[in-house]
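Working notes for the structure below.
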Amino acid sequence: MSVAHAHLNDLRHSVRKVRVVLDLVRGKRVEEAYRILAFTRRRPAEEMLKLLRSAVANAGQKGDHRAESLYVSRIWADGGMIVQRNLEPKAMSRHGIQKKRSCHVTVELDVKMPAEAHSGKARAESGSGAGRTAVEAGKGA
């Protein structure tokens, strides 16, 4: 379950172009995602930065969560409304349809687990033999 989330509907960029920016920040800490989006030269990056700040503000309203302890757990873009215009002239007195695409973006934030708790979990799993390869278990060649 996520700590906070935020939605951005009808963003006037195509889904394909927005997903390139989203892939840069997926799974990153919020502070690192701020830096990445601030220096990304793609057009949707500015709107994604606003959306991320909104999600952090929502986390502050829901509980006492600071940006240092949050990370981007899930972020995705879905297709939105497509406005079609018959404006583009083609050969032999015909016209083409110009599609103006939009998308809906959602971001979910979660609390980053402390390093001590995460390493303790990894130690417990490795002791039981779960997640070990055949070579580590002594069964491989």
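The chains in the structure tokens are called A, B, ... from first to last as shown; in each chain the residues are counted from 1, and the ligands are counted from 1 in the order shown.
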
DSSP-assigned strand (DSSP E) members of region 15-125 of chain A, reported as a PyMOL selection string: chain A and resi 70-89+95-111

Saved selection, atoms kept: N, CA and C atoms, as an mmCIF file, in the first residue's frame:
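Result written to again_14.cif:
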```cif
data_model
loop_
_atom_site.group_PDB
_atom_site.id
_atom_site.type_symbol
_atom_site.label_atom_id
_atom_site.label_comp_id
_atom_site.auth_asym_id
_atom_site.auth_seq_id
_atom_site.Cartn_x
_atom_site.Cartn_y
_atom_site.Cartn_z
ATOM 1 N N LEU A 70 10.881 9.097 1.403
ATOM 2 C CA LEU A 70 9.967 8.594 0.382
ATOM 3 C C LEU A 70 10.708 8.200 -0.889
ATOM 4 N N TYR A 71 10.120 7.276 -1.626
ATOM 5 C CA TYR A 71 10.621 6.927 -2.955
ATOM 6 C C TYR A 71 9.439 6.691 -3.887
ATOM 7 N N VAL A 72 9.683 6.732 -5.169
ATOM 8 C CA VAL A 72 8.645 6.557 -6.177
ATOM 9 C C VAL A 72 8.432 5.056 -6.345
ATOM 10 N N SER A 73 7.379 4.537 -5.746
ATOM 11 C CA SER A 73 7.141 3.095 -5.821
ATOM 12 C C SER A 73 6.511 2.711 -7.154
ATOM 13 N N ARG A 74 5.547 3.477 -7.612
ATOM 14 C CA ARG A 74 4.905 3.204 -8.905
ATOM 15 C C ARG A 74 4.619 4.523 -9.596
ATOM 16 N N ILE A 75 4.832 4.555 -10.898
ATOM 17 C CA ILE A 75 4.488 5.720 -11.704
ATOM 18 C C ILE A 75 4.169 5.212 -13.102
ATOM 19 N N TRP A 76 3.036 5.636 -13.632
ATOM 20 C CA TRP A 76 2.649 5.149 -14.948
ATOM 21 C C TRP A 76 1.804 6.177 -15.679
ATOM 22 N N ALA A 77 1.689 5.978 -16.997
ATOM 23 C CA ALA A 77 0.904 6.860 -17.852
ATOM 24 C C ALA A 77 -0.031 6.009 -18.699
ATOM 25 N N ASP A 78 -1.268 6.420 -18.775
ATOM 26 C CA ASP A 78 -2.273 5.763 -19.607
ATOM 27 C C ASP A 78 -2.745 6.743 -20.676
ATOM 28 N N GLY A 79 -3.224 6.202 -21.758
ATOM 29 C CA GLY A 79 -3.726 7.049 -22.839
ATOM 30 C C GLY A 79 -4.956 7.823 -22.418
ATOM 31 N N GLY A 80 -5.070 9.025 -22.930
ATOM 32 C CA GLY A 80 -6.214 9.866 -22.611
ATOM 33 C C GLY A 80 -7.022 10.173 -23.855
ATOM 34 N N MET A 81 -7.676 11.298 -23.829
ATOM 35 C CA MET A 81 -8.523 11.727 -24.918
ATOM 36 C C MET A 81 -7.684 12.076 -26.156
ATOM 37 N N ILE A 82 -8.207 11.753 -27.342
ATOM 38 C CA ILE A 82 -7.547 12.116 -28.592
ATOM 39 C C ILE A 82 -8.469 13.065 -29.345
ATOM 40 N N VAL A 83 -7.984 14.272 -29.580
ATOM 41 C CA VAL A 83 -8.743 15.259 -30.346
ATOM 42 C C VAL A 83 -8.288 15.156 -31.790
ATOM 43 N N GLN A 84 -9.258 14.998 -32.707
ATOM 44 C CA GLN A 84 -8.919 14.853 -34.118
ATOM 45 C C GLN A 84 -9.328 16.099 -34.875
ATOM 46 N N ARG A 85 -8.432 16.553 -35.733
ATOM 47 C CA ARG A 85 -8.682 17.732 -36.563
ATOM 48 C C ARG A 85 -8.467 17.354 -38.026
ATOM 49 N N ASN A 86 -9.297 17.833 -38.909
ATOM 50 C CA ASN A 86 -9.142 17.594 -40.336
ATOM 51 C C ASN A 86 -8.483 18.815 -40.975
ATOM 52 N N LEU A 87 -7.243 19.057 -40.623
ATOM 53 C CA LEU A 87 -6.592 20.278 -41.058
ATOM 54 C C LEU A 87 -5.423 20.063 -42.000
ATOM 55 N N GLU A 88 -4.832 18.906 -41.984
ATOM 56 C CA GLU A 88 -3.587 18.699 -42.688
ATOM 57 C C GLU A 88 -3.826 18.432 -44.176
ATOM 58 N N PRO A 89 -3.392 19.320 -45.066
ATOM 59 C CA PRO A 89 -3.616 19.093 -46.504
ATOM 60 C C PRO A 89 -2.712 17.983 -47.035
ATOM 61 N N HIS A 95 -7.386 15.630 -47.518
ATOM 62 C CA HIS A 95 -6.922 16.125 -46.229
ATOM 63 C C HIS A 95 -6.660 14.943 -45.302
ATOM 64 N N GLY A 96 -5.777 15.153 -44.358
ATOM 65 C CA GLY A 96 -5.442 14.115 -43.391
ATOM 66 C C GLY A 96 -5.938 14.502 -42.017
ATOM 67 N N ILE A 97 -6.070 13.502 -41.176
ATOM 68 C CA ILE A 97 -6.532 13.731 -39.807
ATOM 69 C C ILE A 97 -5.315 13.971 -38.926
ATOM 70 N N GLN A 98 -5.340 15.057 -38.203
ATOM 71 C CA GLN A 98 -4.277 15.381 -37.265
ATOM 72 C C GLN A 98 -4.764 14.996 -35.874
ATOM 73 N N LYS A 99 -4.036 14.089 -35.223
ATOM 74 C CA LYS A 99 -4.434 13.608 -33.899
ATOM 75 C C LYS A 99 -3.631 14.318 -32.821
ATOM 76 N N LYS A 100 -4.342 14.942 -31.895
ATOM 77 C CA LYS A 100 -3.704 15.602 -30.759
ATOM 78 C C LYS A 100 -3.955 14.723 -29.539
ATOM 79 N N ARG A 101 -2.908 14.060 -29.097
ATOM 80 C CA ARG A 101 -3.036 13.056 -28.040
ATOM 81 C C ARG A 101 -2.835 13.657 -26.652
ATOM 82 N N SER A 102 -3.389 12.976 -25.674
ATOM 83 C CA SER A 102 -3.195 13.359 -24.276
ATOM 84 C C SER A 102 -3.017 12.081 -23.454
ATOM 85 N N CYS A 103 -2.672 12.243 -22.186
ATOM 86 C CA CYS A 103 -2.482 11.073 -21.331
ATOM 87 C C CYS A 103 -2.826 11.423 -19.887
ATOM 88 N N HIS A 104 -2.978 10.369 -19.099
ATOM 89 C CA HIS A 104 -3.229 10.487 -17.668
ATOM 90 C C HIS A 104 -2.033 9.869 -16.942
ATOM 91 N N VAL A 105 -1.471 10.594 -15.978
ATOM 92 C CA VAL A 105 -0.291 10.124 -15.259
ATOM 93 C C VAL A 105 -0.646 9.955 -13.784
ATOM 94 N N THR A 106 -0.152 8.873 -13.186
ATOM 95 C CA THR A 106 -0.368 8.605 -11.768
ATOM 96 C C THR A 106 0.971 8.264 -11.127
ATOM 97 N N VAL A 107 1.215 8.814 -9.949
ATOM 98 C CA VAL A 107 2.431 8.509 -9.204
ATOM 99 C C VAL A 107 2.037 8.074 -7.800
ATOM 100 N N GLU A 108 2.706 7.028 -7.301
ATOM 101 C CA GLU A 108 2.490 6.541 -5.942
ATOM 102 C C GLU A 108 3.828 6.551 -5.212
ATOM 103 N N LEU A 109 3.822 7.079 -3.992
ATOM 104 C CA LEU A 109 5.017 7.144 -3.157
ATOM 105 C C LEU A 109 4.886 6.178 -2.000
ATOM 106 N N ASP A 110 6.018 5.665 -1.569
ATOM 107 C CA ASP A 110 6.042 4.763 -0.426
ATOM 108 C C ASP A 110 7.239 5.121 0.444
ATOM 109 N N VAL A 111 7.260 4.618 1.659
ATOM 110 C CA VAL A 111 8.351 4.898 2.588
ATOM 111 C C VAL A 111 9.470 3.914 2.322
#
```

Ser54 (chain A) surroundings by only C-alpha atoms, 9 Å radius, close-in-sequence under 4 positions cut, as an NGL selection string: :A and (5-7 or 49-50 or 58-59)

Could you list, as a CSV table (one decimal) with N, CA and C atoms, in the first residue's frame, every residue within 8 Å of Val56 (chain A), counting only C-alpha atoms and ignoring same-chain residues fewer than 5 positions away?
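And here is the file that came out, out35.csv:
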```
chain,number,residue,atom,x,y,z
A,4,ALA,N,1.2,7.8,-0.4
A,4,ALA,CA,0.5,8.9,-1.0
A,4,ALA,C,0.5,8.7,-2.5
A,66,ARG,N,8.4,12.8,5.4
A,66,ARG,CA,9.3,13.8,4.7
A,66,ARG,C,9.8,13.2,3.4
A,67,ALA,N,10.2,14.1,2.6
A,67,ALA,CA,10.7,13.8,1.2
A,67,ALA,C,11.9,12.8,1.3
A,109,LEU,N,3.8,7.1,-4.0
A,109,LEU,CA,5.0,7.1,-3.2
A,109,LEU,C,4.9,6.2,-2.0
```

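Straight-line separation from CA of Ser2 (chain A) to CA of Arg19 (chain A): 20.7 Å.
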
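Rounded to one decimal, CA of Ala33 (chain A) and CA of Ser69 (chain A) lie 12.8 Å from each other.
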
DSSP alpha helix (DSSP H) residues within region 26-87 of chain A, as a ChimeraX atom specification: /A:30-38,44-62
